[in-house]
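Asks: One structure, pasted below without further comment.
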Amino acid sequence: MASSLSEVGQVPSVFQTILVLDFGSQYSHLIIRRLREFNVYAEMLPCTQVISELSWKPAGVILSGGPYSVYQDGSPHVDHDIFKLGVPILGICYGMQELAWINGKGVGRGDKREYGPATLNVEDQSCALFKDVDHSQVWMSHGDKLQSLPVGFKTVATSDNSPFAAIADESKQIYGIQFHPEVTHTIKGKNLLKNFAVNICKVSQNWTMENFIETEIKRIRKLVGETAEVIGAVSGGVDSTVAAKLMTEAIGDRFHAIYVDNGVMRKNETVTVKKTLDEGLGINLTVVDAGDIFLSKLKGITDPEKKRKIIGNTFIDVFEDVASKIKTKDGSDIEFLLQGTLYPDVIESISFKGPSQTIKTHHNVGGLSENMKLKLIEPLRELFKDEVRHLGEILNIPEDLVWRHPFPGPGIAIRVLGEVTPEQVKIAREADYIFIEEIKKAGLYRQISQAFAALLPVKSVGVMGDQRTYEQVIALRAIETTDFMTADWFVFEAKFLKKVASRIVNEVDGVARVTYDITSKPPATVEWE
Ligand code: GLN
């Protein structure tokens, strides 16, 4: 396993940062998203963070919501040193209850749960947090409530069910709100967060991808130094391409991109990657044609998990082999490994999952072996997907690539159900190509989150040119989603599906029938295997 460099605190040393302490709410990451939408940088850490161990000073602190009750034994509590930072603090739901618990313990079970919309009445119009927020809908989600005002606080806003919908100790710039400003159902939630960050914490709104590129390139140069070299895998997807381009901007040919053709990529993929990355973007690229190795290992395998494992392990073998042969300018070993880790993966590993949890550091190395001894470099680890896309646009990565649908690591191997043979891969690949081509022609590609064709090894009777046929089935899948956790199938016009079905049966040998998958996730998954 490659060792992870501690990169925590790199960005906050450049951009003023709001610290979000996570008490385990399902919405915590949305607080960060919303702040970044108006160009304020924010980072999340678990609520158990010891403040004296923080390597940077936040410009403000937000305490998130959480599923616990502050008065219960074993519920999580924040390090009281947050009050010594001398910066504004905002508690959201559990976060407000925590502030109240610390200042007088007036929190208990409410008579009834309050879940859903409520109208906010701002009682104190002069409160800076509520500029332009009055009388708007807010979103509640709590069962506990404040029984009294904590010491030093006043009531700033109420709702029908919450006499303490918002409280403040303005002399100390500490605020608490019972509702969730981070969800879109709170109509003016973004205004409120902006009031907190920009007006109260006085953070400058300079978190832009243009500024990020500049500071990130400097950081990479400093980290890598004058002579060390870096390798990284590219897949033809947006994340790895953006990461590779950023590395190239920073250290030029001392970055080596490796593209492994595993024999189960999409149609024309290798040619396109070569053209776009090497010729177009000037990335120092090595292309490895390893299709035969992968396909021979997949022979006879039908179990989806086994397929995934074989492809993952073979990828590592091939990648390590190629990496070991790369010549560096001064003959020394490659020192760094580039990873396209994004912020949602980081959040996943640092979010608070319960009082007994031990916080693990994040790894996404995909199992490269110990003896590679590479240090990790993760230039996208602070970014959300849409920020990566924006970054890609600024780095002149072609629009087609920037907006590409996600494609699974095991590729078409998990879209050919049953045994993966070169013939089966070809059928699935051709059908997929037609489907995507038609989607693009119809101008639907950006509305759809992911689309592909899967080959079902089921024979079905057909008739073509008066001849009886007996061939397999293609299942088309197209979904809409914001986060891939849940997804719904995309509603095409009948005319569109007719055209795609007719083209596939006519143009792809070995297909007698086309179906459209109308299952949502859950209960189905996006991929078939
Ligand atoms: N568990 C607390 C309650 O029920 C806090 C809920 C929350 O933060 N959303 O009131």
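Letters A, B, ... go to the chains of the structure tokens in the order shown; residues in each chain start at 1; ligands are counted from 1 in the same order.
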Could the residues that lie within 7 Å of ligand 1, counting only C-alpha atoms and all ligand atoms, be listed as a list in words?
Replies: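 Here is the list of contacting residues: Ser25, Ser64, Gly65, Gly66, Pro67, Tyr68, Ser69, Ile92, Cys93, Tyr94, Gly95, Ser141, His142, Gly143, Asp144 and Lys145 of chain A.
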Asks: Given only C-alpha atoms, how would the per-residue table for range 69-150 of chain A near range 42-55 of chain A read, listing every residue at most 10 Å away with its closest atom pair and distance in Å to one decimal, sorted by chain and number, as CSV?
Replies:
residue,atom,partner,partner_atom,distance
A:Pro76,CA,A:Cys47,CA,7.3
A:His77,CA,A:Cys47,CA,7.0
A:Val78,CA,A:Cys47,CA,5.7
A:Asp79,CA,A:Val50,CA,6.1
A:His80,CA,A:Ile51,CA,8.5
A:Asp81,CA,A:Ile51,CA,6.1
A:Ile82,CA,A:Ile51,CA,6.6
A:Phe83,CA,A:Ile51,CA,9.9
A:Lys84,CA,A:Ile51,CA,9.4
A:Leu85,CA,A:Ile51,CA,8.7
A:Gly95,CA,A:Cys47,CA,9.9
Asks: Any chance you could export the current selection's all heavy atoms as an mmCIF file, in the first residue's frame?
Replies:
data_model
loop_
_atom_site.group_PDB
_atom_site.id
_atom_site.type_symbol
_atom_site.label_atom_id
_atom_site.label_comp_id
_atom_site.auth_asym_id
_atom_site.auth_seq_id
_atom_site.Cartn_x
_atom_site.Cartn_y
_atom_site.Cartn_z
ATOM 1 N N PRO A 76 -22.188 12.533 21.316
ATOM 2 C CA PRO A 76 -20.942 13.252 21.019
ATOM 3 C C PRO A 76 -20.988 14.710 21.464
ATOM 4 O O PRO A 76 -22.041 15.356 21.373
ATOM 5 C CB PRO A 76 -20.844 13.157 19.501
ATOM 6 C CG PRO A 76 -22.245 12.952 19.019
ATOM 7 C CD PRO A 76 -22.958 12.198 20.088
ATOM 8 N N HIS A 77 -19.863 15.218 21.941
ATOM 9 C CA HIS A 77 -19.768 16.627 22.335
ATOM 10 C C HIS A 77 -18.520 17.264 21.743
ATOM 11 O O HIS A 77 -17.514 16.598 21.517
ATOM 12 C CB HIS A 77 -19.775 16.756 23.862
ATOM 13 C CG HIS A 77 -21.087 16.330 24.455
ATOM 14 N ND1 HIS A 77 -22.231 17.086 24.345
ATOM 15 C CD2 HIS A 77 -21.439 15.193 25.112
ATOM 16 C CE1 HIS A 77 -23.236 16.447 24.926
ATOM 17 N NE2 HIS A 77 -22.789 15.284 25.394
ATOM 18 N N VAL A 78 -18.645 18.558 21.532
ATOM 19 C CA VAL A 78 -17.570 19.271 20.858
ATOM 20 C C VAL A 78 -16.487 19.685 21.874
ATOM 21 O O VAL A 78 -16.783 19.872 23.060
ATOM 22 C CB VAL A 78 -18.162 20.494 20.118
ATOM 23 C CG1 VAL A 78 -18.575 21.595 21.100
ATOM 24 C CG2 VAL A 78 -17.220 21.031 19.070
ATOM 25 N N ASP A 79 -15.270 19.826 21.401
ATOM 26 C CA ASP A 79 -14.166 20.332 22.216
ATOM 27 C C ASP A 79 -14.462 21.802 22.571
ATOM 28 O O ASP A 79 -14.638 22.634 21.673
ATOM 29 C CB ASP A 79 -12.875 20.216 21.376
ATOM 30 C CG ASP A 79 -11.650 20.730 22.100
ATOM 31 O OD1 ASP A 79 -11.795 21.306 23.197
ATOM 32 O OD2 ASP A 79 -10.540 20.553 21.552
ATOM 33 N N HIS A 80 -14.516 22.115 23.870
ATOM 34 C CA HIS A 80 -14.888 23.483 24.283
ATOM 35 C C HIS A 80 -13.868 24.530 23.842
ATOM 36 O O HIS A 80 -14.144 25.720 23.899
ATOM 37 C CB HIS A 80 -15.097 23.541 25.801
ATOM 38 C CG HIS A 80 -16.360 22.833 26.214
ATOM 39 N ND1 HIS A 80 -17.008 23.059 27.399
ATOM 40 C CD2 HIS A 80 -17.107 21.906 25.580
ATOM 41 C CE1 HIS A 80 -18.088 22.285 27.484
ATOM 42 N NE2 HIS A 80 -18.151 21.570 26.387
ATOM 43 N N ASP A 81 -12.740 24.095 23.363
ATOM 44 C CA ASP A 81 -11.744 25.045 22.847
ATOM 45 C C ASP A 81 -12.239 25.807 21.618
ATOM 46 O O ASP A 81 -11.620 26.793 21.223
ATOM 47 C CB ASP A 81 -10.442 24.317 22.493
ATOM 48 C CG ASP A 81 -9.587 24.097 23.730
ATOM 49 O OD1 ASP A 81 -10.022 24.509 24.838
ATOM 50 O OD2 ASP A 81 -8.488 23.507 23.603
ATOM 51 N N ILE A 82 -13.352 25.344 21.011
ATOM 52 C CA ILE A 82 -13.859 26.142 19.868
ATOM 53 C C ILE A 82 -14.180 27.565 20.318
ATOM 54 O O ILE A 82 -14.097 28.497 19.547
ATOM 55 C CB ILE A 82 -15.109 25.539 19.155
ATOM 56 C CG1 ILE A 82 -16.258 25.301 20.131
ATOM 57 C CG2 ILE A 82 -14.786 24.310 18.341
ATOM 58 C CD1 ILE A 82 -17.601 25.093 19.433
ATOM 59 N N PHE A 83 -14.558 27.708 21.603
ATOM 60 C CA PHE A 83 -14.910 29.052 22.092
ATOM 61 C C PHE A 83 -13.664 29.916 22.309
ATOM 62 O O PHE A 83 -13.745 31.121 22.393
ATOM 63 C CB PHE A 83 -15.731 28.947 23.383
ATOM 64 C CG PHE A 83 -16.988 28.139 23.205
ATOM 65 C CD1 PHE A 83 -17.082 26.853 23.715
ATOM 66 C CD2 PHE A 83 -18.061 28.651 22.476
ATOM 67 C CE1 PHE A 83 -18.236 26.097 23.524
ATOM 68 C CE2 PHE A 83 -19.220 27.900 22.286
ATOM 69 C CZ PHE A 83 -19.308 26.613 22.807
ATOM 70 N N LYS A 84 -12.518 29.253 22.409
ATOM 71 C CA LYS A 84 -11.271 30.019 22.601
ATOM 72 C C LYS A 84 -10.700 30.523 21.279
ATOM 73 O O LYS A 84 -9.759 31.308 21.259
ATOM 74 C CB LYS A 84 -10.217 29.137 23.289
ATOM 75 C CG LYS A 84 -10.566 28.810 24.731
ATOM 76 C CD LYS A 84 -9.339 28.257 25.442
ATOM 77 C CE LYS A 84 -9.738 27.612 26.748
ATOM 78 N NZ LYS A 84 -8.998 26.364 27.000
ATOM 79 N N LEU A 85 -11.241 30.005 20.166
ATOM 80 C CA LEU A 85 -10.729 30.434 18.859
ATOM 81 C C LEU A 85 -11.047 31.909 18.603
ATOM 82 O O LEU A 85 -10.402 32.563 17.786
ATOM 83 C CB LEU A 85 -11.348 29.590 17.739
ATOM 84 C CG LEU A 85 -10.881 28.135 17.603
ATOM 85 C CD1 LEU A 85 -11.790 27.375 16.646
ATOM 86 C CD2 LEU A 85 -9.438 28.093 17.107
ATOM 87 N N GLY A 95 -26.393 20.887 16.533
ATOM 88 C CA GLY A 95 -25.342 21.870 16.823
ATOM 89 C C GLY A 95 -25.840 22.972 17.750
ATOM 90 O O GLY A 95 -25.133 23.404 18.665
#
Asks: Residues near Lys245 in chain A, anyone? I mean within 8 Å using only C-alpha atoms, not counting same-chain ones fewer than 3 positions away, as a PDB file with all heavy atoms, in the first residue's frame.
Replies:
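Result written to around-v7.pdb:
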ATOM      1  N   THR A 241      -8.420  12.574 -16.071  1.00  0.00           N
ATOM      2  CA  THR A 241      -7.872  13.477 -17.094  1.00  0.00           C
ATOM      3  C   THR A 241      -7.561  14.847 -16.489  1.00  0.00           C
ATOM      4  O   THR A 241      -6.503  15.425 -16.756  1.00  0.00           O
ATOM      5  CB  THR A 241      -8.863  13.640 -18.279  1.00  0.00           C
ATOM      6  OG1 THR A 241      -9.241  12.342 -18.736  1.00  0.00           O
ATOM      7  CG2 THR A 241      -8.239  14.422 -19.412  1.00  0.00           C
ATOM      8  N   VAL A 242      -8.473  15.349 -15.668  1.00  0.00           N
ATOM      9  CA  VAL A 242      -8.240  16.658 -15.046  1.00  0.00           C
ATOM     10  C   VAL A 242      -7.014  16.586 -14.126  1.00  0.00           C
ATOM     11  O   VAL A 242      -6.149  17.465 -14.157  1.00  0.00           O
ATOM     12  CB  VAL A 242      -9.494  17.128 -14.264  1.00  0.00           C
ATOM     13  CG1 VAL A 242      -9.181  18.353 -13.414  1.00  0.00           C
ATOM     14  CG2 VAL A 242     -10.631  17.432 -15.217  1.00  0.00           C
ATOM     15  N   THR A 248       0.531  17.866 -15.360  1.00  0.00           N
ATOM     16  CA  THR A 248       1.344  18.258 -16.513  1.00  0.00           C
ATOM     17  C   THR A 248       1.630  19.763 -16.475  1.00  0.00           C
ATOM     18  O   THR A 248       2.735  20.201 -16.771  1.00  0.00           O
ATOM     19  CB  THR A 248       0.627  17.856 -17.820  1.00  0.00           C
ATOM     20  OG1 THR A 248       0.347  16.455 -17.745  1.00  0.00           O
ATOM     21  CG2 THR A 248       1.467  18.146 -19.048  1.00  0.00           C
ATOM     22  N   GLU A 249       0.603  20.538 -16.116  1.00  0.00           N
ATOM     23  CA  GLU A 249       0.804  21.984 -15.988  1.00  0.00           C
ATOM     24  C   GLU A 249       1.869  22.282 -14.929  1.00  0.00           C
ATOM     25  O   GLU A 249       2.645  23.210 -15.058  1.00  0.00           O
ATOM     26  CB  GLU A 249      -0.501  22.673 -15.563  1.00  0.00           C
ATOM     27  CG  GLU A 249      -1.610  22.596 -16.595  1.00  0.00           C
ATOM     28  CD  GLU A 249      -1.470  23.645 -17.684  1.00  0.00           C
ATOM     29  OE1 GLU A 249      -1.155  24.796 -17.357  1.00  0.00           O
ATOM     30  OE2 GLU A 249      -1.645  23.293 -18.873  1.00  0.00           O
ATOM     31  N   LEU A 281      -3.852  17.426 -25.234  1.00  0.00           N
ATOM     32  CA  LEU A 281      -3.551  18.095 -23.960  1.00  0.00           C
ATOM     33  C   LEU A 281      -2.063  18.055 -23.596  1.00  0.00           C
ATOM     34  O   LEU A 281      -1.657  18.595 -22.570  1.00  0.00           O
ATOM     35  CB  LEU A 281      -4.380  17.457 -22.836  1.00  0.00           C
ATOM     36  CG  LEU A 281      -5.900  17.601 -22.977  1.00  0.00           C
ATOM     37  CD1 LEU A 281      -6.628  16.712 -21.971  1.00  0.00           C
ATOM     38  CD2 LEU A 281      -6.314  19.056 -22.777  1.00  0.00           C
ATOM     39  N   ILE A 283      -0.213  15.605 -22.572  1.00  0.00           N
ATOM     40  CA  ILE A 283       0.129  14.799 -21.398  1.00  0.00           C
ATOM     41  C   ILE A 283       1.082  13.679 -21.831  1.00  0.00           C
ATOM     42  O   ILE A 283       0.863  13.025 -22.846  1.00  0.00           O
ATOM     43  CB  ILE A 283      -1.166  14.214 -20.763  1.00  0.00           C
ATOM     44  CG1 ILE A 283      -2.026  15.362 -20.204  1.00  0.00           C
ATOM     45  CG2 ILE A 283      -0.844  13.185 -19.675  1.00  0.00           C
ATOM     46  CD1 ILE A 283      -3.428  14.965 -19.806  1.00  0.00           C
ATOM     47  N   LEU A 395      -9.092  24.185 -17.854  1.00  0.00           N
ATOM     48  CA  LEU A 395      -7.847  23.581 -18.340  1.00  0.00           C
ATOM     49  C   LEU A 395      -7.945  23.168 -19.815  1.00  0.00           C
ATOM     50  O   LEU A 395      -7.102  22.436 -20.324  1.00  0.00           O
ATOM     51  CB  LEU A 395      -7.482  22.370 -17.482  1.00  0.00           C
ATOM     52  CG  LEU A 395      -7.043  22.643 -16.041  1.00  0.00           C
ATOM     53  CD1 LEU A 395      -6.962  21.359 -15.237  1.00  0.00           C
ATOM     54  CD2 LEU A 395      -5.701  23.363 -16.013  1.00  0.00           C
TER      55      LEU A 395
END
Asks: For CA of Met485 in chain A and CA of His390 in chain A, determine how far apart the two atoms are, in Å to one decimal place.
Replies: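 Between CA of Met485 in chain A and CA of His390 in chain A the gap works out to 22.5 Å.
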Asks: Show which residues sit within 12 Å of Lys440 in chain A, as number ranges by chain. Count only C-alpha atoms, and ignore same-chain residues fewer than 4 positions away.
Replies: A: 400, 403-405, 433-436, 444-448, 451, 496
Asks: Filtering to all heavy atoms, could you give me those residues as a CSV table (one decimal), in the first residue's frame?
Replies:
chain,number,residue,atom,x,y,z
A,400,ASP,N,-16.7,17.3,-24.5
A,400,ASP,CA,-17.2,15.9,-24.5
A,400,ASP,C,-16.7,15.1,-23.3
A,400,ASP,O,-17.4,14.3,-22.7
A,400,ASP,CB,-16.7,15.3,-25.8
A,400,ASP,CG,-17.8,15.1,-26.8
A,400,ASP,OD1,-18.8,15.7,-26.6
A,400,ASP,OD2,-17.6,14.3,-27.7
A,403,TRP,N,-17.9,16.4,-19.7
A,403,TRP,CA,-19.3,16.0,-19.3
A,403,TRP,C,-19.6,14.5,-19.5
A,403,TRP,O,-20.7,14.1,-19.5
A,403,TRP,CB,-20.3,16.9,-20.1
A,403,TRP,CG,-20.2,18.3,-19.6
A,403,TRP,CD1,-19.5,19.3,-20.2
A,403,TRP,CD2,-20.8,18.8,-18.4
A,403,TRP,NE1,-19.6,20.4,-19.4
A,403,TRP,CE2,-20.4,20.1,-18.3
A,403,TRP,CE3,-21.5,18.2,-17.4
A,403,TRP,CZ2,-20.7,20.9,-17.2
A,403,TRP,CZ3,-21.9,19.0,-16.3
A,403,TRP,CH2,-21.5,20.4,-16.2
A,404,ARG,N,-18.5,13.7,-19.6
A,404,ARG,CA,-18.7,12.3,-19.9
A,404,ARG,C,-19.4,11.6,-18.7
A,404,ARG,O,-19.2,11.9,-17.5
A,404,ARG,CB,-17.4,11.7,-20.0
A,404,ARG,CG,-17.4,10.6,-21.0
A,404,ARG,CD,-16.0,10.3,-21.5
A,404,ARG,NE,-16.2,9.3,-22.5
A,404,ARG,CZ,-15.3,8.4,-22.8
A,404,ARG,NH1,-14.1,8.6,-22.3
A,404,ARG,NH2,-15.6,7.5,-23.7
A,405,HIS,N,-20.3,10.7,-19.0
A,405,HIS,CA,-21.0,9.9,-18.0
A,405,HIS,C,-19.9,9.0,-17.3
A,405,HIS,O,-18.9,8.6,-17.9
A,405,HIS,CB,-22.0,8.9,-18.6
A,405,HIS,CG,-23.2,9.6,-19.2
A,405,HIS,ND1,-24.1,8.9,-20.0
A,405,HIS,CD2,-23.6,10.9,-19.1
A,405,HIS,CE1,-25.1,9.8,-20.3
A,405,HIS,NE2,-24.8,10.9,-19.9
A,433,TYR,N,-22.5,1.9,-28.3
A,433,TYR,CA,-22.0,3.0,-29.2
A,433,TYR,C,-23.2,3.7,-29.9
A,433,TYR,O,-23.4,4.9,-29.9
A,433,TYR,CB,-21.0,2.5,-30.2
A,433,TYR,CG,-20.4,3.7,-31.0
A,433,TYR,CD1,-19.3,4.4,-30.4
A,433,TYR,CD2,-20.8,4.0,-32.2
A,433,TYR,CE1,-18.7,5.5,-31.1
A,433,TYR,CE2,-20.2,5.0,-32.9
A,433,TYR,CZ,-19.2,5.8,-32.3
A,433,TYR,OH,-18.6,6.8,-33.0
A,434,ILE,N,-24.1,2.8,-30.4
A,434,ILE,CA,-25.3,3.3,-31.1
A,434,ILE,C,-26.2,4.1,-30.2
A,434,ILE,O,-26.7,5.2,-30.5
A,434,ILE,CB,-26.1,2.1,-31.8
A,434,ILE,CG1,-25.2,1.5,-32.9
A,434,ILE,CG2,-27.4,2.6,-32.3
A,434,ILE,CD1,-25.7,0.3,-33.5
A,435,PHE,N,-26.4,3.5,-29.0
A,435,PHE,CA,-27.3,4.1,-28.0
A,435,PHE,C,-26.8,5.5,-27.7
A,435,PHE,O,-27.5,6.5,-27.7
A,435,PHE,CB,-27.4,3.2,-26.8
A,435,PHE,CG,-28.4,3.6,-25.7
A,435,PHE,CD1,-29.6,4.2,-26.0
A,435,PHE,CD2,-28.1,3.3,-24.4
A,435,PHE,CE1,-30.5,4.6,-25.0
A,435,PHE,CE2,-29.0,3.6,-23.4
A,435,PHE,CZ,-30.2,4.3,-23.7
A,436,ILE,N,-25.5,5.6,-27.3
A,436,ILE,CA,-25.0,6.9,-26.9
A,436,ILE,C,-24.9,7.9,-28.0
A,436,ILE,O,-25.2,9.0,-27.9
A,436,ILE,CB,-23.5,6.7,-26.3
A,436,ILE,CG1,-23.5,5.7,-25.1
A,436,ILE,CG2,-22.9,8.0,-26.0
A,436,ILE,CD1,-24.3,6.2,-23.9
A,444,LEU,N,-29.8,14.8,-25.6
A,444,LEU,CA,-30.2,14.4,-24.3
A,444,LEU,C,-29.0,14.0,-23.3
A,444,LEU,O,-29.2,13.7,-22.2
A,444,LEU,CB,-31.1,13.2,-24.4
A,444,LEU,CG,-32.4,13.4,-25.2
A,444,LEU,CD1,-33.2,12.1,-25.4
A,444,LEU,CD2,-33.3,14.4,-24.4
A,445,TYR,N,-27.8,14.0,-23.9
A,445,TYR,CA,-26.7,13.4,-23.1
A,445,TYR,C,-26.5,14.1,-21.7
A,445,TYR,O,-26.3,13.4,-20.7
A,445,TYR,CB,-25.4,13.6,-23.9
A,445,TYR,CG,-24.2,12.7,-23.3
A,445,TYR,CD1,-24.2,11.4,-23.5
A,445,TYR,CD2,-23.2,13.4,-22.6
A,445,TYR,CE1,-23.1,10.6,-22.9
A,445,TYR,CE2,-22.2,12.6,-22.1
A,445,TYR,CZ,-22.1,11.2,-22.3
A,445,TYR,OH,-21.1,10.5,-21.7
A,446,ARG,N,-26.6,15.4,-21.7
A,446,ARG,CA,-26.3,16.1,-20.4
A,446,ARG,C,-27.5,16.0,-19.4
A,446,ARG,O,-27.3,16.2,-18.2
A,446,ARG,CB,-26.0,17.6,-20.7
A,446,ARG,CG,-24.8,17.9,-21.4
A,446,ARG,CD,-23.6,18.2,-20.5
A,446,ARG,NE,-23.8,19.5,-19.8
A,446,ARG,CZ,-23.2,20.6,-20.2
A,446,ARG,NH1,-22.4,20.7,-21.2
A,446,ARG,NH2,-23.4,21.7,-19.5
A,447,GLN,N,-28.7,15.7,-19.9
A,447,GLN,CA,-29.8,15.5,-19.0
A,447,GLN,C,-29.8,14.1,-18.3
A,447,GLN,O,-30.4,13.9,-17.3
A,447,GLN,CB,-31.2,15.5,-19.8
A,447,GLN,CG,-31.6,16.9,-20.3
A,447,GLN,CD,-32.8,16.8,-21.1
A,447,GLN,OE1,-33.8,16.1,-20.8
A,447,GLN,NE2,-32.8,17.4,-22.2
A,448,ILE,N,-29.1,13.2,-19.0
A,448,ILE,CA,-29.0,11.8,-18.5
A,448,ILE,C,-27.7,11.7,-17.7
A,448,ILE,O,-26.7,12.3,-18.1
A,448,ILE,CB,-29.0,10.8,-19.6
A,448,ILE,CG1,-30.4,10.9,-20.4
A,448,ILE,CG2,-28.7,9.4,-19.2
A,448,ILE,CD1,-30.4,10.2,-21.7
A,451,ALA,N,-25.8,6.3,-19.1
A,451,ALA,CA,-26.5,5.5,-20.0
A,451,ALA,C,-25.6,4.5,-20.7
A,451,ALA,O,-24.4,4.7,-20.8
A,451,ALA,CB,-27.2,6.3,-21.2
A,496,PHE,N,-37.9,7.8,-30.0
A,496,PHE,CA,-36.5,7.7,-29.8
A,496,PHE,C,-36.1,6.2,-29.6
A,496,PHE,O,-35.2,5.7,-30.2
A,496,PHE,CB,-36.0,8.5,-28.6
A,496,PHE,CG,-34.6,8.3,-28.2
A,496,PHE,CD1,-33.6,9.1,-28.8
A,496,PHE,CD2,-34.2,7.4,-27.3
A,496,PHE,CE1,-32.2,8.9,-28.5
A,496,PHE,CE2,-32.9,7.2,-26.9
A,496,PHE,CZ,-31.9,7.9,-27.6
Asks: Excluding Phe490 in chain A and its own-chain neighbours fewer than 6 positions away, which residues fall within 10 Å of it when counting only C-alpha atoms? Please give them as a ChimeraX atom specification.
Replies: /A:447-451,477-481,517-520
Asks: Just give me the gap between CA of Tyr115 in chain A and CA of Thr184 in chain A in Å, one decimal is fine.
Replies: 14.7 Å
Asks: Choose the residue, out of A:Ser162, A:Asp278, A:Thr270, A:Thr155, that has the smallest atom-to-atom separation from Gln125 in chain A; count only C-alpha atoms.
Replies: A:Thr155
Asks: So that I can check the surroundings of Ile217 in chain A, please list as a PyMOL selection string every protein, DNA and RNA residue that reaches within 10 Å of it, counting only C-alpha atoms and ignoring chain neighbours fewer than 6 positions away.
Replies: chain A and resi 223+246-251+379
Asks: Please list as a PDB file with C-alpha atoms, in the first residue's frame every residue within 9 Å of Met209 in chain A, counting only C-alpha atoms and excluding residues in the same chain fewer than 3 positions away.
Replies:
ATOM      1  CA  PHE A 212      -7.465  26.957  -7.046  1.00  0.00           C
ATOM      2  CA  ILE A 213      -5.394  26.081 -10.139  1.00  0.00           C
ATOM      3  CA  GLU A 214      -2.814  28.673  -9.260  1.00  0.00           C
ATOM      4  CA  GLU A 387     -15.923  21.664  -9.354  1.00  0.00           C
ATOM      5  CA  VAL A 388     -13.736  19.114 -11.166  1.00  0.00           C
ATOM      6  CA  HIS A 390     -15.416  23.369 -14.038  1.00  0.00           C
ATOM      7  CA  LEU A 391     -11.684  22.935 -13.501  1.00  0.00           C
ATOM      8  CA  ILE A 394     -10.665  26.022 -17.498  1.00  0.00           C
TER       9      ILE A 394
END
Asks: With distances taken over only C-alpha atoms, which of A:Val264, A:Leu19, A:Leu30, A:Val473 is nearest to Ala197 in chain A?
Replies: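 Residue with the minimum atom-to-atom distance to Ala197 in chain A: A:Leu19.
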Asks: Using only C-alpha atoms, which of the listed residues (A:Gly106, A:Pro406, A:Gly86, A:Gly282) sits closest to Pro58 in chain A?
Replies: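 Checking each of A:Gly106, A:Pro406, A:Gly86, A:Gly282 against Pro58 in chain A, counting only C-alpha atoms, the winner is A:Gly86.
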Asks: Could you tell me, as JSON, numbers by chain, which residues of range 22-144 of chain A DSSP assigns to alpha helix (DSSP H) when given the backbone?
Replies: {"A": [28, 29, 30, 31, 32, 33, 34, 35, 36, 37, 94, 95, 96, 97, 98, 99, 100, 101, 102]}
Asks: Using CA of Gln16 in chain A and CA of Val224 in chain A as the two end points, give the distance in Å to one decimal.
Replies: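 Computing the Euclidean distance for CA of Gln16 in chain A and CA of Val224 in chain A yields 24.8 Å.
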Asks: Determine which residues of range 143-366 of chain A receive a DSSP assignment of strand (DSSP E), computed from the backbone, and state them as a PyMOL selection string.
Replies: chain A and resi 143-146+154-158+166-169+174-177+230-233+255-261+285-289+336-338
Asks: Which is closest to Leu277 in chain A among A:Gly331, A:Pro344, A:Gly312, A:Pro398, if we use only C-alpha atoms?
Replies: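 Ranked by minimum distance to Leu277 in chain A, first place goes to A:Pro398.
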